[in-house]
>>> print(open('upload_29.cif').read())   # mmCIF, C-alpha atoms (C1' of nucleotides)
data_upload
#
loop_
_atom_site.group_PDB
_atom_site.id
_atom_site.type_symbol
_atom_site.label_atom_id
_atom_site.label_comp_id
_atom_site.auth_asym_id
_atom_site.auth_seq_id
_atom_site.Cartn_x
_atom_site.Cartn_y
_atom_site.Cartn_z
ATOM 1 C CA MET A 1 -63.753 -43.757 61.621
ATOM 2 C CA SER A 2 -66.587 -41.819 63.177
ATOM 3 C CA ALA A 3 -69.756 -41.313 61.190
ATOM 4 C CA PRO A 4 -70.303 -37.628 60.439
ATOM 5 C CA LYS A 5 -73.816 -37.882 61.805
ATOM 6 C CA TYR A 6 -76.118 -35.049 60.850
ATOM 7 C CA VAL A 7 -77.103 -32.782 63.693
ATOM 8 C CA LYS A 8 -80.386 -31.037 63.260
ATOM 9 C CA PRO A 9 -80.227 -27.433 64.426
ATOM 10 C CA THR A 10 -83.038 -26.336 66.692
ATOM 11 C CA GLU A 11 -85.157 -23.296 65.966
ATOM 12 C CA SER A 12 -82.960 -20.985 68.015
ATOM 13 C CA GLU A 13 -79.780 -22.474 66.656
ATOM 14 C CA LEU A 14 -80.998 -21.824 63.164
ATOM 15 C CA GLU A 15 -81.475 -18.154 63.933
ATOM 16 C CA ILE A 16 -77.910 -17.996 65.118
ATOM 17 C CA LEU A 17 -76.613 -19.912 62.148
ATOM 18 C CA ARG A 18 -78.314 -17.460 59.838
ATOM 19 C CA VAL A 19 -76.397 -14.586 61.366
ATOM 20 C CA ILE A 20 -73.117 -16.460 61.152
ATOM 21 C CA TRP A 21 -73.777 -17.480 57.579
ATOM 22 C CA ASP A 22 -74.388 -13.862 56.666
ATOM 23 C CA LYS A 23 -71.396 -12.477 58.486
ATOM 24 C CA GLY A 24 -69.009 -15.321 57.840
ATOM 25 C CA LEU A 25 -67.247 -14.723 61.110
ATOM 26 C CA ALA A 26 -68.982 -13.509 64.224
ATOM 27 C CA SER A 27 -68.485 -13.035 67.936
ATOM 28 C CA VAL A 28 -71.175 -13.714 70.463
ATOM 29 C CA ARG A 29 -71.759 -9.989 70.671
ATOM 30 C CA ASP A 30 -72.148 -9.687 66.927
ATOM 31 C CA VAL A 31 -74.738 -12.409 66.917
ATOM 32 C CA HIS A 32 -76.459 -11.155 70.008
ATOM 33 C CA GLU A 33 -76.823 -7.644 68.659
ATOM 34 C CA GLU A 34 -78.252 -8.935 65.440
ATOM 35 C CA LEU A 35 -80.755 -11.115 67.244
ATOM 36 C CA SER A 36 -81.681 -8.290 69.597
ATOM 37 C CA LYS A 37 -83.073 -6.377 66.657
ATOM 38 C CA THR A 38 -85.933 -8.779 66.332
ATOM 39 C CA LYS A 39 -86.256 -10.527 69.659
ATOM 40 C CA ASP A 40 -85.733 -10.003 73.316
ATOM 41 C CA VAL A 41 -83.047 -12.290 74.569
ATOM 42 C CA GLY A 42 -80.247 -12.149 77.128
ATOM 43 C CA TYR A 43 -76.610 -12.021 76.146
ATOM 44 C CA THR A 44 -75.667 -15.084 78.134
ATOM 45 C CA THR A 45 -78.477 -16.996 76.539
ATOM 46 C CA THR A 46 -76.975 -16.427 73.132
ATOM 47 C CA LEU A 47 -73.553 -17.266 74.513
ATOM 48 C CA LYS A 48 -74.783 -20.515 75.961
ATOM 49 C CA LEU A 49 -76.487 -21.526 72.774
ATOM 50 C CA MET A 50 -73.378 -20.858 70.753
ATOM 51 C CA GLN A 51 -71.332 -22.919 73.172
ATOM 52 C CA ILE A 52 -73.772 -25.774 72.776
ATOM 53 C CA MET A 53 -73.659 -25.411 69.021
ATOM 54 C CA ASN A 54 -69.914 -25.690 69.235
ATOM 55 C CA GLU A 55 -70.192 -28.925 71.200
ATOM 56 C CA LYS A 56 -72.648 -30.270 68.668
ATOM 57 C CA GLY A 57 -70.335 -29.391 65.829
ATOM 58 C CA LEU A 58 -72.629 -26.858 64.204
ATOM 59 C CA VAL A 59 -70.081 -24.084 64.512
ATOM 60 C CA LYS A 60 -66.338 -23.809 64.934
ATOM 61 C CA ARG A 61 -64.765 -21.530 67.488
ATOM 62 C CA ASP A 62 -61.569 -19.544 67.447
ATOM 63 C CA LYS A 63 -60.518 -18.932 71.026
ATOM 64 C CA SER A 64 -57.307 -17.098 70.267
ATOM 65 C CA SER A 65 -58.619 -13.668 71.136
ATOM 66 C CA ARG A 66 -60.546 -12.779 74.202
ATOM 67 C CA ALA A 67 -63.840 -12.598 72.402
ATOM 68 C CA HIS A 68 -64.202 -15.933 70.692
ATOM 69 C CA TYR A 69 -64.998 -15.898 67.016
ATOM 70 C CA TYR A 70 -67.336 -18.365 65.456
ATOM 71 C CA THR A 71 -67.715 -19.685 61.948
ATOM 72 C CA ALA A 72 -70.311 -22.080 60.577
ATOM 73 C CA ALA A 73 -69.297 -25.721 60.513
ATOM 74 C CA VAL A 74 -72.301 -26.668 58.421
ATOM 75 C CA SER A 75 -73.066 -24.975 55.150
ATOM 76 C CA ARG A 76 -76.234 -23.121 54.443
ATOM 77 C CA GLU A 77 -76.820 -25.221 51.350
ATOM 78 C CA LYS A 78 -76.385 -28.546 53.110
ATOM 79 C CA THR A 79 -78.721 -27.437 55.843
ATOM 80 C CA GLN A 80 -81.295 -26.200 53.396
ATOM 81 C CA LYS A 81 -81.074 -29.429 51.468
ATOM 82 C CA HIS A 82 -81.453 -31.561 54.541
ATOM 83 C CA LEU A 83 -84.397 -29.754 56.033
ATOM 84 C CA LEU A 84 -86.037 -29.552 52.652
ATOM 85 C CA GLY A 85 -85.679 -33.300 52.285
ATOM 86 C CA LYS A 86 -87.223 -33.854 55.673
ATOM 87 C CA MET A 87 -90.118 -31.659 54.735
ATOM 88 C CA ILE A 88 -90.667 -33.361 51.413
ATOM 89 C CA ASP A 89 -90.711 -36.768 53.024
ATOM 90 C CA GLY A 90 -92.630 -35.766 56.092
ATOM 91 C CA LEU A 91 -95.216 -33.410 54.734
ATOM 92 C CA PHE A 92 -95.429 -33.858 50.994
ATOM 93 C CA GLY A 93 -95.463 -37.615 50.675
ATOM 94 C CA GLY A 94 -91.962 -37.721 49.272
ATOM 95 C CA SER A 95 -92.900 -35.635 46.270
ATOM 96 C CA PRO A 96 -90.714 -32.591 45.688
ATOM 97 C CA GLY A 97 -93.077 -31.483 42.948
ATOM 98 C CA GLN A 98 -95.931 -31.107 45.397
ATOM 99 C CA LEU A 99 -93.782 -28.941 47.614
ATOM 100 C CA VAL A 100 -92.760 -26.770 44.709
ATOM 101 C CA LEU A 101 -96.324 -26.348 43.525
ATOM 102 C CA GLN A 102 -97.424 -25.333 47.017
ATOM 103 C CA ALA A 103 -94.561 -22.910 47.355
ATOM 104 C CA LEU A 104 -95.100 -21.257 44.013
ATOM 105 C CA GLY A 105 -98.847 -21.192 44.482
ATOM 106 C CA ASN A 106 -98.802 -19.568 47.882
ATOM 107 C CA TYR A 107 -95.729 -17.377 47.851
ATOM 108 C CA LYS A 108 -94.724 -14.896 45.213
ATOM 109 C CA ALA A 109 -91.392 -15.476 43.526
ATOM 110 C CA SER A 110 -89.598 -12.719 41.651
ATOM 111 C CA GLU A 111 -89.563 -12.476 37.879
ATOM 112 C CA THR A 112 -85.921 -13.350 37.626
ATOM 113 C CA GLU A 113 -86.300 -16.345 39.894
ATOM 114 C CA ILE A 114 -89.214 -17.579 37.872
ATOM 115 C CA ALA A 115 -87.060 -17.377 34.782
ATOM 116 C CA GLU A 116 -84.294 -19.266 36.574
ATOM 117 C CA ILE A 117 -86.691 -21.972 37.589
ATOM 118 C CA GLN A 118 -87.971 -22.318 34.047
ATOM 119 C CA GLN A 119 -84.450 -22.685 32.785
ATOM 120 C CA LEU A 120 -83.696 -25.341 35.378
ATOM 121 C CA LEU A 121 -86.830 -27.239 34.442
ATOM 122 C CA ASP A 122 -85.891 -27.202 30.793
ATOM 123 C CA ASN A 123 -82.537 -28.705 31.663
ATOM 124 C CA LEU A 124 -84.136 -31.341 33.831
ATOM 125 C CA LYS A 125 -86.474 -32.410 31.111
ATOM 126 C CA LYS A 126 -83.984 -33.554 28.553
ATOM 127 C CA MET B 127 -114.610 -14.150 69.476
ATOM 128 C CA SER B 128 -111.536 -16.191 70.224
ATOM 129 C CA ALA B 129 -108.540 -15.893 67.919
ATOM 130 C CA PRO B 130 -107.995 -19.140 66.005
ATOM 131 C CA LYS B 131 -104.361 -19.107 66.933
ATOM 132 C CA TYR B 132 -102.136 -21.381 64.903
ATOM 133 C CA VAL B 133 -100.764 -24.348 66.774
ATOM 134 C CA LYS B 134 -97.566 -25.750 65.404
ATOM 135 C CA PRO B 135 -97.612 -29.531 65.453
ATOM 136 C CA THR B 136 -94.527 -31.150 66.894
ATOM 137 C CA GLU B 137 -92.534 -33.728 64.974
ATOM 138 C CA SER B 138 -94.453 -36.640 66.481
ATOM 139 C CA GLU B 139 -97.760 -34.939 66.103
ATOM 140 C CA LEU B 140 -97.047 -34.429 62.443
ATOM 141 C CA GLU B 141 -96.492 -38.145 61.962
ATOM 142 C CA ILE B 142 -99.867 -38.788 63.510
ATOM 143 C CA LEU B 143 -101.550 -36.078 61.488
ATOM 144 C CA ARG B 144 -100.204 -37.657 58.312
ATOM 145 C CA VAL B 145 -101.930 -40.913 59.129
ATOM 146 C CA ILE B 146 -105.178 -39.181 59.970
ATOM 147 C CA TRP B 147 -105.008 -37.087 56.806
ATOM 148 C CA ASP B 148 -104.558 -40.234 54.762
ATOM 149 C CA LYS B 149 -107.300 -42.194 56.447
ATOM 150 C CA GLY B 150 -109.709 -39.358 57.047
ATOM 151 C CA LEU B 151 -111.030 -41.011 60.163
ATOM 152 C CA ALA B 152 -108.907 -43.097 62.471
ATOM 153 C CA SER B 153 -108.890 -44.713 65.875
ATOM 154 C CA VAL B 154 -105.849 -44.748 68.097
ATOM 155 C CA ARG B 155 -105.293 -48.331 67.048
ATOM 156 C CA ASP B 156 -105.423 -47.431 63.374
ATOM 157 C CA VAL B 157 -102.820 -44.750 63.864
ATOM 158 C CA HIS B 158 -100.693 -46.864 66.125
ATOM 159 C CA GLU B 159 -100.576 -49.763 63.707
ATOM 160 C CA GLU B 160 -99.604 -47.470 60.888
ATOM 161 C CA LEU B 161 -96.821 -45.888 62.937
ATOM 162 C CA SER B 162 -95.620 -49.285 64.109
ATOM 163 C CA LYS B 163 -94.676 -50.131 60.568
ATOM 164 C CA THR B 164 -91.861 -47.656 60.634
ATOM 165 C CA LYS B 165 -91.060 -47.010 64.262
ATOM 166 C CA ASP B 166 -91.074 -48.707 67.592
ATOM 167 C CA VAL B 167 -93.544 -47.020 69.862
ATOM 168 C CA GLY B 168 -95.962 -48.059 72.601
ATOM 169 C CA TYR B 169 -99.697 -47.969 72.142
ATOM 170 C CA THR B 170 -100.297 -45.699 75.089
ATOM 171 C CA THR B 171 -97.718 -43.289 73.801
ATOM 172 C CA THR B 172 -99.713 -42.822 70.644
ATOM 173 C CA LEU B 173 -102.883 -42.563 72.678
ATOM 174 C CA LYS B 174 -101.438 -39.884 74.903
ATOM 175 C CA LEU B 175 -100.184 -37.856 71.979
ATOM 176 C CA MET B 176 -103.547 -37.985 70.305
ATOM 177 C CA GLN B 177 -105.215 -36.839 73.511
ATOM 178 C CA ILE B 178 -102.833 -33.916 73.692
ATOM 179 C CA MET B 179 -103.461 -33.105 70.054
ATOM 180 C CA ASN B 180 -107.146 -33.036 70.847
ATOM 181 C CA GLU B 181 -106.567 -30.565 73.665
ATOM 182 C CA LYS B 182 -104.482 -28.415 71.381
ATOM 183 C CA GLY B 183 -107.176 -28.460 68.757
ATOM 184 C CA LEU B 184 -105.137 -30.261 66.118
ATOM 185 C CA VAL B 185 -107.662 -33.083 65.881
ATOM 186 C CA LYS B 186 -111.310 -33.610 66.719
ATOM 187 C CA ARG B 187 -112.531 -36.599 68.631
ATOM 188 C CA ASP B 188 -115.712 -38.586 68.387
ATOM 189 C CA LYS B 189 -116.284 -40.332 71.699
ATOM 190 C CA SER B 190 -119.611 -41.920 70.850
ATOM 191 C CA SER B 191 -118.242 -45.415 70.444
ATOM 192 C CA ARG B 192 -115.913 -47.124 72.831
ATOM 193 C CA ALA B 193 -112.911 -46.655 70.617
ATOM 194 C CA HIS B 194 -112.700 -42.935 69.974
ATOM 195 C CA TYR B 195 -112.424 -41.809 66.392
ATOM 196 C CA TYR B 196 -110.290 -38.903 65.364
ATOM 197 C CA THR B 197 -110.388 -36.543 62.431
ATOM 198 C CA ALA B 198 -107.988 -33.766 61.540
ATOM 199 C CA ALA B 199 -108.955 -30.299 62.733
ATOM 200 C CA VAL B 200 -106.239 -28.676 60.633
ATOM 201 C CA SER B 201 -105.977 -29.256 56.921
ATOM 202 C CA ARG B 202 -102.966 -30.717 55.239
ATOM 203 C CA GLU B 203 -102.784 -27.761 52.861
ATOM 204 C CA LYS B 204 -102.911 -25.138 55.599
ATOM 205 C CA THR B 205 -100.229 -26.956 57.516
ATOM 206 C CA GLN B 206 -98.040 -27.356 54.463
ATOM 207 C CA LYS B 207 -98.460 -23.703 53.653
ATOM 208 C CA HIS B 208 -97.626 -22.574 57.129
ATOM 209 C CA LEU B 209 -94.518 -24.689 57.575
ATOM 210 C CA LEU B 210 -93.389 -23.842 54.079
ATOM 211 C CA GLY B 211 -93.711 -20.151 54.884
ATOM 212 C CA LYS B 212 -91.709 -20.589 58.028
ATOM 213 C CA MET B 213 -89.014 -22.358 56.091
ATOM 214 C CA ILE B 214 -88.907 -19.735 53.374
ATOM 215 C CA ASP B 215 -88.545 -16.950 55.907
ATOM 216 C CA GLY B 216 -86.241 -18.780 58.228
ATOM 217 C CA LEU B 217 -83.935 -20.567 55.885
ATOM 218 C CA PHE B 218 -84.249 -19.019 52.449
ATOM 219 C CA GLY B 219 -84.179 -15.336 53.260
ATOM 220 C CA GLY B 220 -87.829 -14.904 52.465
ATOM 221 C CA SER B 221 -87.350 -15.985 48.872
ATOM 222 C CA PRO B 222 -89.643 -18.781 47.724
ATOM 223 C CA GLY B 223 -87.723 -18.980 44.473
ATOM 224 C CA GLN B 224 -84.562 -19.993 46.276
ATOM 225 C CA LEU B 225 -86.411 -22.753 48.029
ATOM 226 C CA VAL B 226 -87.868 -23.998 44.794
ATOM 227 C CA LEU B 227 -84.511 -23.966 43.060
ATOM 228 C CA GLN B 228 -82.960 -25.941 45.886
ATOM 229 C CA ALA B 229 -85.799 -28.422 45.903
ATOM 230 C CA LEU B 230 -85.751 -29.005 42.170
ATOM 231 C CA GLY B 231 -81.989 -29.127 42.060
ATOM 232 C CA ASN B 232 -81.593 -31.688 44.798
ATOM 233 C CA TYR B 233 -84.692 -33.835 44.552
ATOM 234 C CA LYS B 234 -86.090 -35.448 41.483
ATOM 235 C CA ALA B 235 -89.589 -34.490 40.504
ATOM 236 C CA SER B 236 -91.686 -36.631 38.185
ATOM 237 C CA GLU B 237 -92.226 -35.754 34.543
ATOM 238 C CA THR B 238 -95.848 -34.920 35.057
ATOM 239 C CA GLU B 239 -95.114 -32.715 38.028
ATOM 240 C CA ILE B 240 -92.474 -30.867 36.075
ATOM 241 C CA ALA B 241 -95.038 -30.218 33.395
ATOM 242 C CA GLU B 242 -97.489 -28.985 36.016
ATOM 243 C CA ILE B 243 -94.917 -26.645 37.441
ATOM 244 C CA GLN B 244 -94.107 -25.261 34.025
ATOM 245 C CA GLN B 245 -97.751 -24.613 33.418
ATOM 246 C CA LEU B 246 -98.103 -22.831 36.741
ATOM 247 C CA LEU B 247 -95.084 -20.698 35.987
ATOM 248 C CA ASP B 248 -96.498 -19.700 32.651
ATOM 249 C CA ASN B 249 -99.662 -18.548 34.350
ATOM 250 C CA LEU B 250 -97.731 -16.638 36.964
ATOM 251 C CA LYS B 251 -95.738 -14.802 34.366
ATOM 252 C CA LYS B 252 -98.507 -12.971 32.672
ATOM 253 C "C1'" DA C 253 -52.022 -1.220 90.101
ATOM 254 C "C1'" DC C 254 -56.828 -0.301 90.445
ATOM 255 C "C1'" DT C 255 -61.244 0.094 88.349
ATOM 256 C "C1'" DA C 256 -64.734 -0.487 84.957
ATOM 257 C "C1'" DA C 257 -66.249 -2.854 81.190
ATOM 258 C "C1'" DT C 258 -66.863 -6.958 78.899
ATOM 259 C "C1'" DA C 259 -65.778 -11.701 78.021
ATOM 260 C "C1'" DT C 260 -66.514 -16.848 78.981
ATOM 261 C "C1'" DA C 261 -67.941 -20.792 82.119
ATOM 262 C "C1'" DC C 262 -71.167 -23.080 84.613
ATOM 263 C "C1'" DG C 263 -75.110 -24.547 87.098
ATOM 264 C "C1'" DA C 264 -79.717 -24.723 87.530
ATOM 265 C "C1'" DG C 265 -84.558 -23.599 86.748
ATOM 266 C "C1'" DT C 266 -88.576 -23.753 83.614
ATOM 267 C "C1'" DA C 267 -91.262 -25.392 80.022
ATOM 268 C "C1'" DG C 268 -92.443 -28.469 76.451
ATOM 269 C "C1'" DT C 269 -92.104 -33.179 74.273
ATOM 270 C "C1'" DT C 270 -92.113 -37.923 74.394
ATOM 271 C "C1'" DT C 271 -92.194 -42.000 76.822
ATOM 272 C "C1'" DC C 272 -94.764 -45.673 79.110
ATOM 273 C "C1'" DG C 273 -96.580 -48.162 83.435
ATOM 274 C "C1'" DT C 274 -100.607 -48.847 85.841
ATOM 275 C "C1'" DA C 275 -105.403 -48.356 86.735
ATOM 276 C "C1'" DA C 276 -110.033 -48.347 85.610
ATOM 277 C "C1'" DA C 277 -113.965 -48.856 82.472
ATOM 278 C "C1'" DG C 278 -116.495 -51.190 78.765
ATOM 279 C "C1'" DA C 279 -117.749 -55.225 75.642
ATOM 280 C "C1'" DG C 280 -118.010 -59.890 74.338
ATOM 281 C "C1'" DC C 281 -118.187 -64.694 75.613
ATOM 282 C "C1'" DG C 282 -118.181 -68.958 78.164
ATOM 283 C "C1'" DC D 283 -121.558 -63.813 86.427
ATOM 284 C "C1'" DG D 284 -116.494 -64.059 85.808
ATOM 285 C "C1'" DC D 285 -112.733 -63.887 82.558
ATOM 286 C "C1'" DT D 286 -110.285 -61.755 78.996
ATOM 287 C "C1'" DC D 287 -109.370 -58.408 75.657
ATOM 288 C "C1'" DT D 288 -109.290 -53.766 74.387
ATOM 289 C "C1'" DT D 289 -110.063 -49.303 75.388
ATOM 290 C "C1'" DT D 290 -109.286 -44.584 77.679
ATOM 291 C "C1'" DA D 291 -107.384 -41.895 81.705
ATOM 292 C "C1'" DC D 292 -103.827 -40.415 84.430
ATOM 293 C "C1'" DG D 293 -99.393 -39.494 86.418
ATOM 294 C "C1'" DA D 294 -94.812 -39.239 86.344
ATOM 295 C "C1'" DA D 295 -90.193 -40.059 84.522
ATOM 296 C "C1'" DA D 296 -86.708 -39.004 80.923
ATOM 297 C "C1'" DC D 297 -85.166 -35.936 77.741
ATOM 298 C "C1'" DT D 298 -84.510 -31.664 75.155
ATOM 299 C "C1'" DA D 299 -84.677 -26.730 74.440
ATOM 300 C "C1'" DC D 300 -84.274 -22.479 76.264
ATOM 301 C "C1'" DT D 301 -83.361 -19.172 79.750
ATOM 302 C "C1'" DC D 302 -80.569 -16.472 82.756
ATOM 303 C "C1'" DG D 303 -78.065 -15.461 87.330
ATOM 304 C "C1'" DT D 304 -73.760 -15.521 89.192
ATOM 305 C "C1'" DA D 305 -68.889 -16.392 89.239
ATOM 306 C "C1'" DT D 306 -64.643 -15.759 87.257
ATOM 307 C "C1'" DA D 307 -61.233 -14.117 83.854
ATOM 308 C "C1'" DT D 308 -59.260 -10.771 80.709
ATOM 309 C "C1'" DT D 309 -58.496 -6.347 78.755
ATOM 310 C "C1'" DA D 310 -58.113 -1.312 78.454
ATOM 311 C "C1'" DG D 311 -57.844 3.147 80.537
ATOM 312 C "C1'" DT D 312 -56.243 6.263 84.029
#
>>> encode(input="upload_29.cif", output="structure tokens")
Amino acid sequence: MSAPKYVKPTESELEILRVIWDKGLASVRDVHEELSKTKDVGYTTTLKLMQIMNEKGLVKRDKSSRAHYYTAAVSREKTQKHLLGKMIDGLFGGSPGQLVLQALGNYKASETEIAEIQQLLDNLKK
Amino acid sequence: MSAPKYVKPTESELEILRVIWDKGLASVRDVHEELSKTKDVGYTTTLKLMQIMNEKGLVKRDKSSRAHYYTAAVSREKTQKHLLGKMIDGLFGGSPGQLVLQALGNYKASETEIAEIQQLLDNLKK
DNA sequence: ACTAATATACGAGTAGTTTCGTAAAGAGCG
DNA sequence: CGCTCTTTACGAAACTACTCGTATATTAGT
């Protein structure tokens, strides 16, 4: 039984994961073209990174067609949860409340989200 | 006028910053002993990192006594805000509300903090 | 079948982070 | 002074992240 050890995506890997999460299924070209919109990067660089991500188990690869197709092997939610936890422990003294207060104080949430948060808080309280 | 360009602390640098933030003023030995409680690291490693942090402008150094004393050159709040912003943009599609919902859903906040958050939300709403 | 286009594989260079050994300087004490 | 303890300085190794050039393979079009 091998432990399903958590692999922390690097900065660049996270950018790639975001594209794959959005598209669901993506070739290297798909990802590369998306990334090219906002940054200057070579095709083979993206390819290499995705190959590494495959080795690390961050993505799965379907090699059946010539252009390999990738899907995420880690969920967006799990990744968010993990990195959030790291941040809470590392930067907010283990207090999620402090993080939330900072976030809400510095960044503007939408009306509907605010309502959602209030609802969640009400549920948490009882 | 030189631009006060933001320097992103590395993982290790953040651990050191945390100690300095807590203590306000700290020698290498102070920091090292604190870090030693939770991780196995050599004294000179900590020293070197703190020297680098000084060069980067993350900390200030008082060399007047034999053991140099360090203070933080970046505030905890500014750093929290910056990294939080990066996380919101990078991992939560630019939506602070999503981050907050994830945080509150997965990590338990204290009663008093929940109350604080509710109060803040009420203020935001009007 | 040949060519052009486009795909993956691979190796290696560069830069940044983290590590620590060793040296040298300063302070206190017999 | 001479010894020891503690400090900073420095250099380099080990490791990781990122980058891309070049080679090779596969597909489609003519």
>>> residues_around(input="upload_29.cif", residues="DA305 in chain D", least_positions_apart="5", cutoff="12 Å", atoms="all atoms listed in the file", output="list in words")
DT260, DA261, DC262 and DG263 of chain C
>>> closest_atom_pairs(input="upload_29.cif", of="chain C", to="chain B", cutoff="12 Å", atoms="all atoms listed in the file", output="Markdown table")
| residue | atom | partner | partner_atom | distance |
| --- | --- | --- | --- | --- |
| C:DG268 | C1' | B:Thr136 | CA | 10.1 |
| C:DT269 | C1' | B:Thr136 | CA | 8.0 |
| C:DT270 | C1' | B:Thr171 | CA | 7.8 |
| C:DT271 | C1' | B:Thr171 | CA | 6.4 |
| C:DC272 | C1' | B:Thr171 | CA | 6.5 |
| C:DG273 | C1' | B:Thr170 | CA | 9.5 |
| C:DT274 | C1' | B:Thr170 | CA | 11.2 |
| C:DA277 | C1' | B:Arg192 | CA | 10.0 |
| C:DG278 | C1' | B:Arg192 | CA | 7.2 |
| C:DA279 | C1' | B:Arg192 | CA | 8.8 |
>>> calpha_fit_and_write(input="upload_29.cif", fixed="chain A", moving="chain B", output="compact mmCIF listing (two decimals) with C-alpha atoms, in the coordinates of the input")
# COMPACT_ATOMS: atom_id res chain seq x y z
CA MET B 127 -63.26 -43.20 61.39
CA SER B 128 -66.14 -41.52 63.13
CA ALA B 129 -69.43 -41.14 61.28
CA PRO B 130 -70.13 -37.48 60.51
CA LYS B 131 -73.60 -37.83 61.88
CA TYR B 132 -76.01 -35.08 60.95
CA VAL B 133 -77.03 -32.83 63.79
CA LYS B 134 -80.34 -31.12 63.35
CA PRO B 135 -80.17 -27.52 64.52
CA THR B 136 -82.99 -26.45 66.79
CA GLU B 137 -85.14 -23.43 66.02
CA SER B 138 -82.95 -21.08 68.05
CA GLU B 139 -79.78 -22.56 66.73
CA LEU B 140 -80.99 -21.95 63.22
CA GLU B 141 -81.49 -18.27 63.95
CA ILE B 142 -77.92 -18.08 65.13
CA LEU B 143 -76.61 -20.04 62.19
CA ARG B 144 -78.32 -17.60 59.84
CA VAL B 145 -76.41 -14.72 61.35
CA ILE B 146 -73.13 -16.59 61.18
CA TRP B 147 -73.79 -17.64 57.59
CA ASP B 148 -74.41 -14.03 56.66
CA LYS B 149 -71.41 -12.63 58.46
CA GLY B 150 -69.03 -15.49 57.85
CA LEU B 151 -67.25 -14.83 61.10
CA ALA B 152 -68.98 -13.56 64.19
CA SER B 153 -68.49 -13.03 67.89
CA VAL B 154 -71.20 -13.70 70.42
CA ARG B 155 -71.78 -9.97 70.58
CA ASP B 156 -72.18 -9.73 66.82
CA VAL B 157 -74.77 -12.47 66.84
CA HIS B 158 -76.51 -11.15 69.90
CA GLU B 159 -76.86 -7.66 68.50
CA GLU B 160 -78.27 -9.02 65.28
CA LEU B 161 -80.80 -11.17 67.13
CA SER B 162 -81.73 -8.30 69.42
CA LYS B 163 -83.12 -6.44 66.45
CA THR B 164 -85.97 -8.85 66.17
CA LYS B 165 -86.29 -10.57 69.51
CA ASP B 166 -85.78 -9.94 73.16
CA VAL B 167 -83.08 -12.21 74.46
CA GLY B 168 -80.28 -12.01 77.02
CA TYR B 169 -76.65 -11.91 76.05
CA THR B 170 -75.73 -14.95 78.07
CA THR B 171 -78.53 -16.90 76.49
CA THR B 172 -76.99 -16.37 73.10
CA LEU B 173 -73.58 -17.19 74.50
CA LYS B 174 -74.80 -20.43 76.01
CA LEU B 175 -76.49 -21.50 72.81
CA MET B 176 -73.39 -20.84 70.81
CA GLN B 177 -71.34 -22.88 73.26
CA ILE B 178 -73.76 -25.75 72.89
CA MET B 179 -73.65 -25.42 69.13
CA ASN B 180 -69.90 -25.68 69.35
CA GLU B 181 -70.17 -28.89 71.35
CA LYS B 182 -72.60 -30.28 68.84
CA GLY B 183 -70.29 -29.42 66.00
CA LEU B 184 -72.61 -26.94 64.33
CA VAL B 185 -70.05 -24.14 64.60
CA LYS B 186 -66.31 -23.85 65.05
CA ARG B 187 -64.75 -21.56 67.58
CA ASP B 188 -61.58 -19.55 67.50
CA LYS B 189 -60.51 -18.87 71.07
CA SER B 190 -57.28 -17.06 70.28
CA SER B 191 -58.59 -13.62 71.13
CA ARG B 192 -60.52 -12.73 74.22
CA ALA B 193 -63.81 -12.55 72.40
CA HIS B 194 -64.22 -15.91 70.71
CA TYR B 195 -65.01 -15.92 67.03
CA TYR B 196 -67.35 -18.41 65.49
CA THR B 197 -67.72 -19.78 62.00
CA ALA B 198 -70.30 -22.19 60.66
CA ALA B 199 -69.28 -25.84 60.62
CA VAL B 200 -72.30 -26.79 58.52
CA SER B 201 -73.05 -25.13 55.23
CA ARG B 202 -76.21 -23.27 54.49
CA GLU B 203 -76.80 -25.38 51.39
CA LYS B 204 -76.39 -28.70 53.17
CA THR B 205 -78.73 -27.57 55.89
CA GLN B 206 -81.30 -26.30 53.43
CA LYS B 207 -81.10 -29.54 51.52
CA HIS B 208 -81.49 -31.67 54.58
CA LEU B 209 -84.45 -29.82 56.06
CA LEU B 210 -86.06 -29.59 52.66
CA GLY B 211 -85.74 -33.35 52.28
CA LYS B 212 -87.29 -33.90 55.65
CA MET B 213 -90.17 -31.66 54.72
CA ILE B 214 -90.72 -33.35 51.39
CA ASP B 215 -90.82 -36.77 53.00
CA GLY B 216 -92.73 -35.75 56.05
CA LEU B 217 -95.28 -33.37 54.69
CA PHE B 218 -95.48 -33.81 50.94
CA GLY B 219 -95.55 -37.57 50.62
CA GLY B 220 -92.06 -37.70 49.24
CA SER B 221 -92.98 -35.60 46.23
CA PRO B 222 -90.78 -32.56 45.67
CA GLY B 223 -93.11 -31.42 42.92
CA GLN B 224 -95.97 -31.03 45.36
CA LEU B 225 -93.82 -28.90 47.58
CA VAL B 226 -92.78 -26.73 44.70
CA LEU B 227 -96.34 -26.28 43.51
CA GLN B 228 -97.43 -25.26 46.99
CA ALA B 229 -94.54 -22.86 47.35
CA LEU B 230 -95.08 -21.19 44.00
CA GLY B 231 -98.81 -21.08 44.46
CA ASN B 232 -98.76 -19.46 47.86
CA TYR B 233 -95.66 -17.31 47.84
CA LYS B 234 -94.64 -14.83 45.23
CA ALA B 235 -91.33 -15.41 43.54
CA SER B 236 -89.50 -12.65 41.70
CA GLU B 237 -89.49 -12.39 37.92
CA THR B 238 -85.86 -13.30 37.66
CA GLU B 239 -86.25 -16.30 39.91
CA ILE B 240 -89.18 -17.51 37.88
CA ALA B 241 -87.02 -17.29 34.80
CA GLU B 242 -84.28 -19.23 36.57
CA ILE B 243 -86.71 -21.92 37.57
CA GLN B 244 -88.01 -22.22 34.04
CA GLN B 245 -84.50 -22.62 32.78
CA LEU B 246 -83.76 -25.31 35.34
CA LEU B 247 -86.92 -27.15 34.40
CA ASP B 248 -86.00 -27.09 30.76
CA ASN B 249 -82.67 -28.66 31.58
CA LEU B 250 -84.29 -31.29 33.75
CA LYS B 251 -86.67 -32.28 31.02
CA LYS B 252 -84.21 -33.49 28.50
